[in-house]
Amino acid sequence: MSSKIIGRLIGKSVAELSFRSFRDSYISIGSIVTVNDESRDRTYLLRVIDVSYGHESSEANWAEKAAGRMMEEDTRGNAYRIHDPDRRLYKLVKCSPLGYVSNNAFHRPRSIPEHFSRVLTPDEETMAFLREYSGDLIVGHLRCGEDTLNIPLGIDGTTLSQHVGIFATTGMGKSNLMKVLAAAIMEHPSYGLLIFDPHGEYFDGGQGGKRKGLKHHPLAEKRLFTRSLRKLSGNKDTLAIPLKDIEIEDITQIFGFSQAQYEALQAIRIKYGKEWLIKLISIDIETLIEELRDSRLNFHESTMAVLIRRANHLAEFRTVTKDNDYASVGDIVAKVQSGKAVLIDTANLSQDEDLLVTSVITRSVLKSYKYKYQQAEGEFDKLSPCLIMLEEAQRVLMASAGDTNIFHRVVREGRKFKVGLGVITQQPKLLSEELLSQLNSMFILGLADERDRTIMRSSSKQDISSLGTEIQTLAAGEAILTSPTVPFALPLKIFLYEDYLARLPKDIAKPAERPAEGFF
Amino acid sequence: MQSETREYNVIDDTIVRRTASEIQLLFRPDAPQPALSGTGTTEKAPPLIDDITSVPPVTIRSIESDAVVYAIDGGSSVIAKGGNVEVICWRAGYVCFKGIHREGEFCESPNILAYNRLNINSIINDFLAGTDFKRVMDETPLSPVNELRWMSEWMLLRRLIDEAPEGSLILMDGTLRANPFFDVKPQHDLFKKAAQNGIHIASVTKTSSLSLDKAIPIDIMEIGADEQSKTWYRQLNMSLPKDSPWLGDVYLAGLHPGADKRYRVDINRYDTEAVDRIFSILVSVSDDTEFAGYPYPLVAAHRQARIDLLFKQSIIEALGEELNRLDFSDGLWHFLTGDIHDKLNADVLEIAAHEQ
C-alpha cells in the first residue's frame, strides 16, 4: 500500500488532532494516518477515533435544510443535486496523536505538526520502525483501518510470564488467535505452553474438520503433546490425574467446605501426606476418627462422612487414577519446562472434573518452577518460560469469588517463576481490575458489551481511553494489542490460522526447528 | 475529482508599496484638488413588452448537458475614503464547471489603487494602455471602482471567448449591457464573435430593478400558478435597435421547479438560435440544493472573487504598516479607513453562533 494524500491538518492540540479529508475518502475508525512535518523532518502518527460530515455553506444548518429540500423534491419528482461537491462537502476526521517518528525512532507526542500539514495514508517504509517492536511471536499484520500493511506484529516470548489476556465476544476470532499464538510458541523451543481446551477445538480444529487445529502444524509431531480422554484422530495420551497429585487447594475449586471440614482436611493431609485422598476413599469413618484421635485431633463423625463422600466422588472421575505410579502430571510439567506445548483436552469432562484437572496441573507447574527457583540457580535458568492458556477464565478468576485460588496465585506470583497465565474470556467485566492490571499483554478483539470495553480501557498498559468506538467496531479477526513493549496500542489483523499454516516454510520441521527470520 | 481550496486572498507587496506611496502623495498639502463632479453610467431600460401575459411561457427542455459552463464575477471594495481621495481594491475571476464538478478556476490578485478625482481619468487611461478598450466619455465616473472591476471582468470574458471550447456557456453576473464609457462597437463585435464561434453568453441578475409597469420588479411580479411547477422562460424585450447599448435580449425565467424565485436572464442578442439550448444548460446548473433556481457557477464565482471583511482588514493592515514606514500619520490612516472592528466582530460573532 503506497502513501497517498487524504487531507490537511486543521486542529487542534497535542491531545487531539483533526483534519479535513476529501468527501469521497474512505476513512475508518482505527486507521493510522501519517502527517509529514517537513520543517522538522518528523512523521507524526495519528489514530482515527471519529469521522464526521463537514460542509462549506453560508447557511446555518445547511445540511438539515438541504436534506429537507431533497426529501420534499423526492416526493414531487424534482431533482436536486449538490454542485461543486468536492469543494463544499468533506469529512472531518478526529484523531488521537500516537507520536512521531524521527530518524527511525519513535517518540511520544509533545508537539504538533505545522498548520495545514498534509495527511497521508501510511506506507510500509514509514511504519517499518514497528518491526523493532514486533516481538518473536508473530500473530498478525499491522492493520490500517480495513487494510493491512506488511508489518508483522506480535508479542515477545520473554514477556509470556508477565501474563497475556485475550478478550473477545463469541465469533470475533478468539480461538483463531489462540491457535495462531500457540503455533507461534510451538515454533520456539525456548518457550513452553500449556493449553486447557474445554471446547475441544484446538487439537483438530473442531467444527467437523472444517477448520485446522494444532495437530496440523508441521511441528506438532515433535513439539505438541496432547492429553485427552476423547477419541481423537492423531497422537495423544490418556489424560489421567493420580490421586496423590491432588491437593486440598484443588478440590476447594469444586466443593465448598465449612471451617470444621477444612480443618479436618488439613489434619488428614498432614497425617497421611500425599496418600491423604487414597486414605479417605479406602478407610471407614470410625477408623479415620480413631487414627486422628491418636494424633490428638477430634472431629465429628458427620464431618468425616462428608469428606469421605466427596473423596469417593472425586475418585469416580474418569481422569482420576489410584495408580500412584502414573506420572502424567509430572510428565506434563517436564514437557512444559523443556519448551514443549502440551494440550489438555477437557472437552468431554464435567465442569467439576474440568476444574479439578485444570487446577491440579496448573498448581503442579507453578510448584515445580517455584521449587527449581529455590534450588541451584543454574537449574532454574535452564527452564523455558511458559504460558498457561486458560479458556473461559472467568470461571476461576471471577472477581466475586475471591482471589485465593491457584490461578490468582499464578497471576500474582508466576512472573517471578517464569510462569505466565493466558487469560481468555469473553466477559472481562467479571474479572477484577487488579487482576487485569497484572496482564502485561492484552489482545482486545471485538467486545459488544460496553461494560467489557470500559474495564478494558481502564486496565490497559497503554492509554486506550479514546478507543471505545474502535473496539466496538472491530470485525472478526481484528484486534488491538496493548503491551509495555510496544510504542502504542497496535491495531492488528490476526492471521487466519489456516493461512498461517499455509505460509509456514516447507522445511520448518527439519532439525533447526525454527522458522527463518522474517518469513512473514 | 478531489479538490483543495486555493488561497486567493493574498496581497502583493509591490502593490502595497506603490499604493502607500500614492496615498502619501495624495495627502501632501500641495496636492492639487479637483472640482467635485462626476458622471455615472445610469442604466436605461431596454424596450419592453407591456403585458407579461401576452407572451406565453416557453417550457425549458431538460437535457443532460455536457457543456462547459464558465461563470465570471468580480469583487471590489473601497478600502479608505477621505475628502477627494479613495483607496479602492478590485479583482475578477472565473470558475469552470462541467456537470456538477468544478473543472477549473482563476482569480486575479487584487488590484489596489489610491486616487483623487483629479487623477482618476489618467489612472484609468493607464490601465487601458495595452488593451483595445477605448474611452469615449471623458467624464469622471461616479464609481471608478465599478468601472475598473467591469474592465477586469470584460478582459476575462474576452479571454474566455477565445479559449473556451465550442458549445460552452459563459455566465456573467448582472445584465448584458455595453459600457458607455467605452467604444460600444467593439463590445458588440465581441458578442457577435462569440456567437459565431459557438460560445454562448448569458447573464443572470440576482435582484432586478426592471419592471413592466414601472412599479413591481419583474422578478417578484405575480405570474400564473402554472409556472410554479416547471422550468420556463418568457422574453420581455421587444426588438432591440441596432445601436442599442443592450447586448442581450431580456428574459424572465424559472430555472428550477422547486425554486421560490425567478430571475432576469440576458442572452447574447446575436445568439438567438441557441436560446433554447442556453436555457437548458442554465437549468442543468440551477438544481443545486442550496441555490435552487440560480446557476451555481455564479455562486462559486462570486464566492471566489469577493473581497470580504477579513481580507479587506488585512489590506488595511498591510497598507497601514507600509504607511507607518513612510511616516504617514497613523491617526489619519485610521480616520480614512474607519473603524471596521465592530463589523469584524459581528462577523466573528456570527461564525461563533453558527458553530454553536
# chains A, B, ... in the order shown; residues from 1 in each chain; ligands from 1
call {"tool": "residues_around", "arguments": {"residues": "range 56-58 of chain A", "least_positions_apart": "4", "cutoff": "9 Å", "atoms": "only C-alpha atoms", "output": "list in words"}}
result
Trp62, Ala63, Arg87, Arg88, Leu89 and Tyr90 of chain A; Glu290 of chain B
call {"tool": "atom_distance", "arguments": {"atom1": "CA of Ala168 in chain A", "atom2": "CA of Met442 in chain A"}}
result
10.9 Å
call {"tool": "closest_residue", "arguments": {"among": "A:Ala60, A:Leu224, A:Leu435, A:Leu288", "to": "chain B", "atoms": "only C-alpha atoms"}}
result
A:Ala60
call {"tool": "residues_around", "arguments": {"residues": "range 459-469 of chain A", "least_positions_apart": "5", "cutoff": "7 Å", "atoms": "only C-alpha atoms", "output": "list in words"}}
result
Ile49, Glu433, Leu436, Ser437, Asn440, Arg453, Thr482, Ser483, Pro484, Phe488 and Ala489 of chain A
call {"tool": "interface_residues", "arguments": {"of": "chain A", "to": "chain B", "cutoff": "6 Å", "atoms": "only C-alpha atoms", "output": "compact mmCIF listing (two decimals) with N, CA and C atoms, in the first residue's frame"}}
result
# COMPACT_ATOMS: atom_id res chain seq x y z
N ALA A 66 -30.89 21.18 3.47
CA ALA A 66 -30.70 20.56 2.15
C ALA A 66 -31.38 19.20 2.10
N TYR A 80 -32.74 17.46 -7.17
CA TYR A 80 -31.76 18.42 -6.65
C TYR A 80 -30.40 17.77 -6.71
N ARG A 81 -29.40 18.53 -6.88
CA ARG A 81 -28.04 17.99 -6.83
C ARG A 81 -27.18 18.89 -5.95
N ILE A 82 -26.03 18.38 -5.61
CA ILE A 82 -25.04 19.20 -4.90
C ILE A 82 -23.97 19.55 -5.93
N HIS A 83 -23.94 20.78 -6.34
CA HIS A 83 -22.90 21.19 -7.28
C HIS A 83 -21.61 21.45 -6.51
N ASP A 84 -20.50 21.29 -7.23
CA ASP A 84 -19.18 21.54 -6.65
C ASP A 84 -18.96 20.70 -5.37
N ASP A 86 -16.93 18.47 -4.45
CA ASP A 86 -15.57 18.26 -3.93
C ASP A 86 -15.10 19.45 -3.11
